[in-house]
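*Asks:* protein39.pdb is reproduced in full below (PDB, C-alpha atoms).
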```pdb
ATOM      1  CA  MET O   1     -18.463   7.270  -0.151  1.00  0.00           C
ATOM      2  CA  ALA O   2     -18.270   7.856   3.585  1.00  0.00           C
ATOM      3  CA  ASP O   3     -17.298  11.194   5.057  1.00  0.00           C
ATOM      4  CA  ALA O   4     -13.607  11.971   5.018  1.00  0.00           C
ATOM      5  CA  VAL O   5     -11.547  11.443   8.119  1.00  0.00           C
ATOM      6  CA  ASP O   6      -9.528  14.273   9.654  1.00  0.00           C
ATOM      7  CA  LEU O   7      -6.123  12.683  10.137  1.00  0.00           C
ATOM      8  CA  GLY O   8      -4.349  15.754  11.493  1.00  0.00           C
ATOM      9  CA  LEU O   9      -4.237  14.411  15.037  1.00  0.00           C
ATOM     10  CA  VAL O  10      -3.583  10.718  14.353  1.00  0.00           C
ATOM     11  CA  ALA O  11      -0.710   9.418  16.498  1.00  0.00           C
ATOM     12  CA  THR O  12       2.238   8.706  14.213  1.00  0.00           C
ATOM     13  CA  GLY O  13       5.165   8.723  16.595  1.00  0.00           C
ATOM     14  CA  GLY O  14       5.483  12.481  16.166  1.00  0.00           C
ATOM     15  CA  LEU O  15       6.381  12.298  12.477  1.00  0.00           C
ATOM     16  CA  LEU O  16       3.456  14.323  11.154  1.00  0.00           C
ATOM     17  CA  PRO O  17       2.320  16.641  13.922  1.00  0.00           C
ATOM     18  CA  GLY O  18      -0.529  18.910  12.972  1.00  0.00           C
ATOM     19  CA  TRP O  19      -0.860  17.721   9.369  1.00  0.00           C
ATOM     20  CA  ARG O  20      -4.366  17.550   7.967  1.00  0.00           C
ATOM     21  CA  LEU O  21      -3.229  15.135   5.310  1.00  0.00           C
ATOM     22  CA  ALA O  22      -6.074  13.597   3.787  1.00  0.00           C
ATOM     23  CA  GLN O  23      -9.543  14.520   3.547  1.00  0.00           C
ATOM     24  CA  ALA O  24      -8.831  12.806   0.212  1.00  0.00           C
ATOM     25  CA  PHE O  25      -8.648   9.474   2.048  1.00  0.00           C
ATOM     26  CA  ALA O  26     -11.993   8.444   3.436  1.00  0.00           C
ATOM     27  CA  PRO O  27     -12.885   5.058   4.906  1.00  0.00           C
ATOM     28  CA  GLY O  28     -14.151   3.993   1.461  1.00  0.00           C
ATOM     29  CA  GLY O  29     -10.865   4.858  -0.282  1.00  0.00           C
ATOM     30  CA  PHE O  30      -9.183   7.633  -2.228  1.00  0.00           C
ATOM     31  CA  ASP O  31     -11.368  10.493  -3.481  1.00  0.00           C
ATOM     32  CA  PRO O  32      -9.403  12.654  -5.955  1.00  0.00           C
ATOM     33  CA  ASN O  33     -12.404  14.927  -6.540  1.00  0.00           C
ATOM     34  CA  PHE O  34     -12.441  16.048  -2.907  1.00  0.00           C
ATOM     35  CA  TYR O  35      -8.734  16.793  -3.050  1.00  0.00           C
ATOM     36  CA  ARG O  36      -9.087  18.726  -6.301  1.00  0.00           C
ATOM     37  CA  ARG O  37     -11.861  20.878  -4.826  1.00  0.00           C
ATOM     38  CA  GLN O  38      -9.894  21.708  -1.678  1.00  0.00           C
ATOM     39  CA  ASN O  39      -6.370  22.437  -2.915  1.00  0.00           C
ATOM     40  CA  THR O  40      -4.372  24.381  -5.432  1.00  0.00           C
ATOM     41  CA  GLY O  41      -1.870  22.764  -7.739  1.00  0.00           C
ATOM     42  CA  SER O  42      -2.222  20.223 -10.529  1.00  0.00           C
ATOM     43  CA  PHE O  43      -4.725  17.499 -11.250  1.00  0.00           C
ATOM     44  CA  ALA O  44      -3.734  15.233 -14.125  1.00  0.00           C
ATOM     45  CA  ILE O  45      -4.536  11.796 -15.487  1.00  0.00           C
ATOM     46  CA  SER O  46      -2.137   9.996 -17.819  1.00  0.00           C
ATOM     47  CA  LEU O  47      -2.059   6.916 -20.032  1.00  0.00           C
ATOM     48  CA  ASN O  48       1.426   5.371 -20.357  1.00  0.00           C
ATOM     49  CA  ARG O  49       3.464   8.558 -20.064  1.00  0.00           C
ATOM     50  CA  SER O  50       5.187  10.902 -17.655  1.00  0.00           C
ATOM     51  CA  LEU O  51       3.293  13.098 -15.231  1.00  0.00           C
ATOM     52  CA  PHE O  52       4.905  16.024 -13.436  1.00  0.00           C
ATOM     53  CA  GLY O  53       3.425  18.233 -10.748  1.00  0.00           C
ATOM     54  CA  SER O  54       4.102  21.871 -10.016  1.00  0.00           C
ATOM     55  CA  PHE O  55       4.022  24.263  -7.074  1.00  0.00           C
ATOM     56  CA  GLY O  56       1.219  23.445  -4.698  1.00  0.00           C
ATOM     57  CA  ASN O  57      -0.637  20.259  -3.939  1.00  0.00           C
ATOM     58  CA  ASP O  58      -0.956  17.903  -6.890  1.00  0.00           C
ATOM     59  CA  VAL O  59      -3.083  14.860  -7.685  1.00  0.00           C
ATOM     60  CA  LEU O  60      -1.432  12.830 -10.444  1.00  0.00           C
ATOM     61  CA  ILE O  61      -3.142   9.649 -11.634  1.00  0.00           C
ATOM     62  CA  GLY O  62      -1.649   7.312 -14.198  1.00  0.00           C
ATOM     63  CA  GLY O  63      -3.763   5.194 -16.470  1.00  0.00           C
ATOM     64  CA  VAL O  64      -3.379   1.826 -18.139  1.00  0.00           C
ATOM     65  CA  GLY O  65       0.308   1.526 -18.993  1.00  0.00           C
ATOM     66  CA  ASN O  66       3.680   2.233 -17.455  1.00  0.00           C
ATOM     67  CA  ASP O  67       3.751   5.742 -16.031  1.00  0.00           C
ATOM     68  CA  TYR O  68       6.506   7.898 -14.524  1.00  0.00           C
ATOM     69  CA  ILE O  69       4.905  10.041 -11.811  1.00  0.00           C
ATOM     70  CA  SER O  70       6.612  12.944 -10.040  1.00  0.00           C
ATOM     71  CA  GLY O  71       4.552  15.509  -8.161  1.00  0.00           C
ATOM     72  CA  TYR O  72       7.478  17.475  -6.768  1.00  0.00           C
ATOM     73  CA  GLY O  73       7.411  21.202  -7.525  1.00  0.00           C
ATOM     74  CA  PHE O  74      10.487  23.127  -6.456  1.00  0.00           C
ATOM     75  CA  VAL O  75      12.916  23.433  -3.574  1.00  0.00           C
ATOM     76  CA  GLY O  76      11.264  25.289  -0.738  1.00  0.00           C
ATOM     77  CA  SER O  77       7.716  24.589  -1.841  1.00  0.00           C
ATOM     78  CA  GLN O  78       5.197  23.313   0.677  1.00  0.00           C
ATOM     79  CA  GLU O  79       3.114  20.621  -0.927  1.00  0.00           C
ATOM     80  CA  ILE O  80       1.269  17.405  -0.305  1.00  0.00           C
ATOM     81  CA  ASP O  81       1.093  15.441  -3.545  1.00  0.00           C
ATOM     82  CA  ILE O  82      -1.080  12.398  -4.185  1.00  0.00           C
ATOM     83  CA  LEU O  83       0.496   9.989  -6.691  1.00  0.00           C
ATOM     84  CA  ALA O  84      -1.508   7.079  -8.119  1.00  0.00           C
ATOM     85  CA  GLY O  85      -0.389   4.772 -10.900  1.00  0.00           C
ATOM     86  CA  ASN O  86      -3.394   2.623 -11.777  1.00  0.00           C
ATOM     87  CA  LEU O  87      -2.584  -0.392 -14.000  1.00  0.00           C
ATOM     88  CA  GLY O  88       0.940  -1.074 -15.267  1.00  0.00           C
ATOM     89  CA  ALA O  89       4.497  -0.910 -13.971  1.00  0.00           C
ATOM     90  CA  ASP O  90       4.654   2.634 -12.610  1.00  0.00           C
ATOM     91  CA  THR O  91       7.607   4.607 -11.248  1.00  0.00           C
ATOM     92  CA  PHE O  92       6.849   6.953  -8.355  1.00  0.00           C
ATOM     93  CA  ALA O  93       9.636   9.522  -7.971  1.00  0.00           C
ATOM     94  CA  LEU O  94      10.585  10.657  -4.461  1.00  0.00           C
ATOM     95  CA  GLY O  95      14.030  11.816  -5.587  1.00  0.00           C
ATOM     96  CA  ASP O  96      16.425  12.063  -8.513  1.00  0.00           C
ATOM     97  CA  PHE O  97      20.193  11.864  -9.033  1.00  0.00           C
ATOM     98  CA  LEU O  98      20.637  15.266  -7.377  1.00  0.00           C
ATOM     99  CA  ALA O  99      18.672  14.920  -4.142  1.00  0.00           C
ATOM    100  CA  PRO O 100      15.572  13.556  -2.435  1.00  0.00           C
ATOM    101  CA  TYR O 101      12.321  15.373  -3.081  1.00  0.00           C
ATOM    102  CA  TYR O 102      10.011  16.636  -0.379  1.00  0.00           C
ATOM    103  CA  GLY O 103      10.745  17.004   3.327  1.00  0.00           C
ATOM    104  CA  GLY O 104       9.757  19.514   5.962  1.00  0.00           C
ATOM    105  CA  PRO O 105       6.099  20.319   5.380  1.00  0.00           C
ATOM    106  CA  SER O 106       6.101  18.552   1.977  1.00  0.00           C
ATOM    107  CA  VAL O 107       5.397  14.887   1.271  1.00  0.00           C
ATOM    108  CA  GLY O 108       4.590  12.623  -1.652  1.00  0.00           C
ATOM    109  CA  ILE O 109       1.791  10.153  -0.924  1.00  0.00           C
ATOM    110  CA  ILE O 110       1.791   7.072  -3.126  1.00  0.00           C
ATOM    111  CA  ALA O 111      -1.831   5.998  -3.055  1.00  0.00           C
ATOM    112  CA  ASP O 112      -1.882   2.731  -5.019  1.00  0.00           C
ATOM    113  CA  TYR O 113       1.536   1.069  -5.053  1.00  0.00           C
ATOM    114  CA  LYS O 114       1.356  -2.493  -6.418  1.00  0.00           C
ATOM    115  CA  ARG O 115       4.633  -4.406  -6.505  1.00  0.00           C
ATOM    116  CA  VAL O 116       2.955  -7.309  -8.301  1.00  0.00           C
ATOM    117  CA  GLU O 117       2.400  -4.973 -11.304  1.00  0.00           C
ATOM    118  CA  GLY O 118       6.077  -3.967 -11.319  1.00  0.00           C
ATOM    119  CA  ASP O 119       5.695  -0.607  -9.543  1.00  0.00           C
ATOM    120  CA  ILE O 120       8.856   0.925  -8.080  1.00  0.00           C
ATOM    121  CA  VAL O 121       9.653   3.908  -5.873  1.00  0.00           C
ATOM    122  CA  GLN O 122      12.549   6.004  -7.158  1.00  0.00           C
ATOM    123  CA  LEU O 123      14.887   7.495  -4.537  1.00  0.00           C
ATOM    124  CA  SER O 124      17.997   9.626  -4.839  1.00  0.00           C
ATOM    125  CA  GLY O 125      21.205   7.611  -4.662  1.00  0.00           C
ATOM    126  CA  ARG O 126      22.947  10.496  -2.917  1.00  0.00           C
ATOM    127  CA  GLY O 127      23.194  10.049   0.821  1.00  0.00           C
ATOM    128  CA  VAL O 128      21.619   6.611   0.681  1.00  0.00           C
ATOM    129  CA  GLU O 129      22.815   5.982   4.236  1.00  0.00           C
ATOM    130  CA  ASN O 130      20.465   8.758   5.398  1.00  0.00           C
ATOM    131  CA  TYR O 131      17.277   6.882   4.447  1.00  0.00           C
ATOM    132  CA  SER O 132      15.181   5.119   7.041  1.00  0.00           C
ATOM    133  CA  PHE O 133      11.688   3.704   7.221  1.00  0.00           C
ATOM    134  CA  TYR O 134       8.843   3.893   9.684  1.00  0.00           C
ATOM    135  CA  TYR O 135       5.701   1.760   9.647  1.00  0.00           C
ATOM    136  CA  ASP O 136       2.269   2.789  10.894  1.00  0.00           C
ATOM    137  CA  ASN O 137      -1.335   2.810   9.737  1.00  0.00           C
ATOM    138  CA  LEU O 138      -2.256   6.387   8.830  1.00  0.00           C
ATOM    139  CA  LEU O 139      -3.992   6.322   5.436  1.00  0.00           C
ATOM    140  CA  GLY O 140      -6.114   3.974   3.370  1.00  0.00           C
ATOM    141  CA  SER O 141      -7.314   0.681   4.815  1.00  0.00           C
ATOM    142  CA  SER O 142      -6.224  -1.015   8.029  1.00  0.00           C
ATOM    143  CA  ALA O 143      -3.034  -2.233   6.293  1.00  0.00           C
ATOM    144  CA  THR O 144       0.304  -0.815   7.398  1.00  0.00           C
ATOM    145  CA  ASP O 145       1.761   2.171   5.493  1.00  0.00           C
ATOM    146  CA  THR O 146       5.466   2.720   4.838  1.00  0.00           C
ATOM    147  CA  PHE O 147       6.942   6.120   5.680  1.00  0.00           C
ATOM    148  CA  VAL O 148      10.110   6.946   3.736  1.00  0.00           C
ATOM    149  CA  LEU O 149      12.402   9.248   5.714  1.00  0.00           C
ATOM    150  CA  TYR O 150      15.523  11.112   4.698  1.00  0.00           C
ATOM    151  CA  ASN O 151      17.573  12.548   7.574  1.00  0.00           C
ATOM    152  CA  ASN O 152      14.609  11.641   9.832  1.00  0.00           C
ATOM    153  CA  ASP O 153      12.267  13.819   7.748  1.00  0.00           C
ATOM    154  CA  VAL O 154       9.249  12.201   6.037  1.00  0.00           C
ATOM    155  CA  ILE O 155       9.548  12.557   2.257  1.00  0.00           C
ATOM    156  CA  GLY O 156       7.018   9.928   1.226  1.00  0.00           C
ATOM    157  CA  ILE O 157       4.229   7.648   2.408  1.00  0.00           C
ATOM    158  CA  VAL O 158       3.423   4.450   0.544  1.00  0.00           C
ATOM    159  CA  VAL O 159      -0.168   3.639   1.472  1.00  0.00           C
ATOM    160  CA  ASP O 160      -1.234   0.142   2.578  1.00  0.00           C
ATOM    161  CA  THR O 161       1.995  -1.778   1.958  1.00  0.00           C
ATOM    162  CA  THR O 162       5.419  -2.567   3.367  1.00  0.00           C
ATOM    163  CA  ASN O 163       6.498  -4.690   0.371  1.00  0.00           C
ATOM    164  CA  ILE O 164       8.210  -2.073  -1.806  1.00  0.00           C
ATOM    165  CA  ALA O 165      10.819  -2.172  -4.570  1.00  0.00           C
ATOM    166  CA  PHE O 166      13.140   0.835  -4.484  1.00  0.00           C
ATOM    167  CA  ASN O 167      15.347   2.125  -7.289  1.00  0.00           C
ATOM    168  CA  LEU O 168      18.268   4.421  -6.482  1.00  0.00           C
ATOM    169  CA  VAL O 169      19.208   6.928  -9.202  1.00  0.00           C
TER
END
```
Take the structure in the file and write it out as structure tokens.
*Replies:*
Amino acid sequence: MADAVDLGLVATGGLLPGWRLAQAFAPGGFDPNFYRRQNTGSFAISLNRSLFGSFGNDVLIGGVGNDYISGYGFVGSQEIDILAGNLGADTFALGDFLAPYYGGPSVGIIADYKRVEGDIVQLSGRGVENYSFYYDNLLGSSATDTFVLYNNDVIGIVVDTTNIAFNLV
């Protein structure tokens, strides 16, 4: 795998100033081992079940099957979580019925969203009018990424796609 790319200074319309998001994303793709070595938090792999993160930066990887993946720790935590579903119809949670997750210095990065497999991104149904989207190429391949914003604050990045199914809860 090629050396990781420092993305902290990539122009993103001012949405992510100063973030050193992803040494985990190198030109050859996602490297969970690099991320695990560099950060605190959880690293988990699942097969057809629910995965939940904790305080700190998490790497949560589903397996073959339909996984529910939520890396969010707690209100006020500062975290960058990498969420990957692998095969199956996976649900990536960026919010619940109470409120959106993430924001401020925290973000959930969905590394392998595949709509054709039935993947969905779960958002909070509260304040639905406050969601907006921004498109730019920051992570992964040269394909466009989707930035999910709530009150103009990035809460999630869906890597390499703009074709996303959302579910409001």
*Asks:* Do you know which residues the PyMOL selection byres ((chain O and resi 67) around 6) returns on this file, as a list in words?
*Replies:* Asn48, Arg49, Ser50, Gly62, Asn66, Tyr68 and Asp90 of chain O
*Asks:* What lies within 8 Å of Ala99 of chain O using only C-alpha atoms, ignoring chain neighbours under 2 positions off, as a list of chain:residue names?
*Replies:*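 These residues fall inside the cut-off: O:Gly95, O:Asp96, O:Phe97, O:Tyr101, O:Ser124, O:Gly125, O:Arg126.
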*Asks:* Could you jot down the atom CA of Gly71 of chain O to atom CA of Phe92 of chain O separation for me, Å, one decimal place?
*Replies:*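 Computing the Euclidean distance for atom CA of Gly71 of chain O and atom CA of Phe92 of chain O yields 8.9 Å.
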*Asks:* I'd like to see the residues matched by the PyMOL selection byres ((chain O and resi 162) around 10) on this file, and ideally I'd get them as a list of chain:residue names.
*Replies:*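 In the shown coordinates, the PyMOL selection byres ((chain O and resi 162) around 10) covers O:Tyr113, O:Phe133, O:Tyr134, O:Tyr135, O:Asp136, O:Ala143, O:Thr144, O:Asp145, O:Thr146, O:Phe147, O:Val158, O:Val159, O:Asp160, O:Thr161, O:Asn163, O:Ile164, O:Ala165.
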*Asks:* Would you write out, as a short mmCIF file (atom, residue, chain, number, x, y, z; two decimals) with C-alpha atoms, keeping the file's coordinate frame, every residue that the PyMOL selection byres ((chain O and resi 86) around 8) captures in this file?
*Replies:*
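Written output follows (expr33.cif):
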```cif
data_model
loop_
_atom_site.label_atom_id
_atom_site.label_comp_id
_atom_site.auth_asym_id
_atom_site.auth_seq_id
_atom_site.Cartn_x
_atom_site.Cartn_y
_atom_site.Cartn_z
CA ILE O 61 -3.14 9.65 -11.63
CA GLY O 62 -1.65 7.31 -14.20
CA GLY O 63 -3.76 5.19 -16.47
CA VAL O 64 -3.38 1.83 -18.14
CA ALA O 84 -1.51 7.08 -8.12
CA GLY O 85 -0.39 4.77 -10.90
CA LEU O 87 -2.58 -0.39 -14.00
CA GLY O 88 0.94 -1.07 -15.27
CA ASP O 112 -1.88 2.73 -5.02
#
```
*Asks:* Hey, can you check how far atom CA of Tyr102 of chain O sits from atom CA of Gln78 of chain O?
*Replies:*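 For atom CA of Tyr102 of chain O relative to atom CA of Gln78 of chain O, the distance reads 8.3 Å.
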*Asks:* With all atoms of segment 88-104 of chain O from the file as input, state the centre and edge lengths in Å to one decimal of the axis-aligned box that has 8 Å extra on each side, as AutoDock Vina command-line options.
*Replies:*
```
--center_x 10.8 --center_y 9.2 --center_z -4.7 --size_x 35.7 --size_y 36.6 --size_z 37.2
```
*Asks:* So the first atom is atom CA of Ser54 of chain O and the second is atom CA of Arg115 of chain O; what is the distance between them in Å, to one decimal place?
*Replies:*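 Between atom CA of Ser54 of chain O and atom CA of Arg115 of chain O the gap works out to 26.5 Å.
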*Asks:* Here's a test: counting all atoms listed in the file, identify every protein, DNA and RNA residue with an atom at most 6 Å from (5.9, 12.2, -1.6) in the file's coordinate frame, and state them as a PyMOL selection string.
*Replies:* chain O and resi 94+107-109+155-156
*Asks:* Rank O:Pro100, O:Pro105, O:Gly140, O:Gly73 by their smallest atom-to-atom distance to Gln122 of chain O, using only C-alpha atoms, and report the top residue only.
*Replies:* O:Pro100
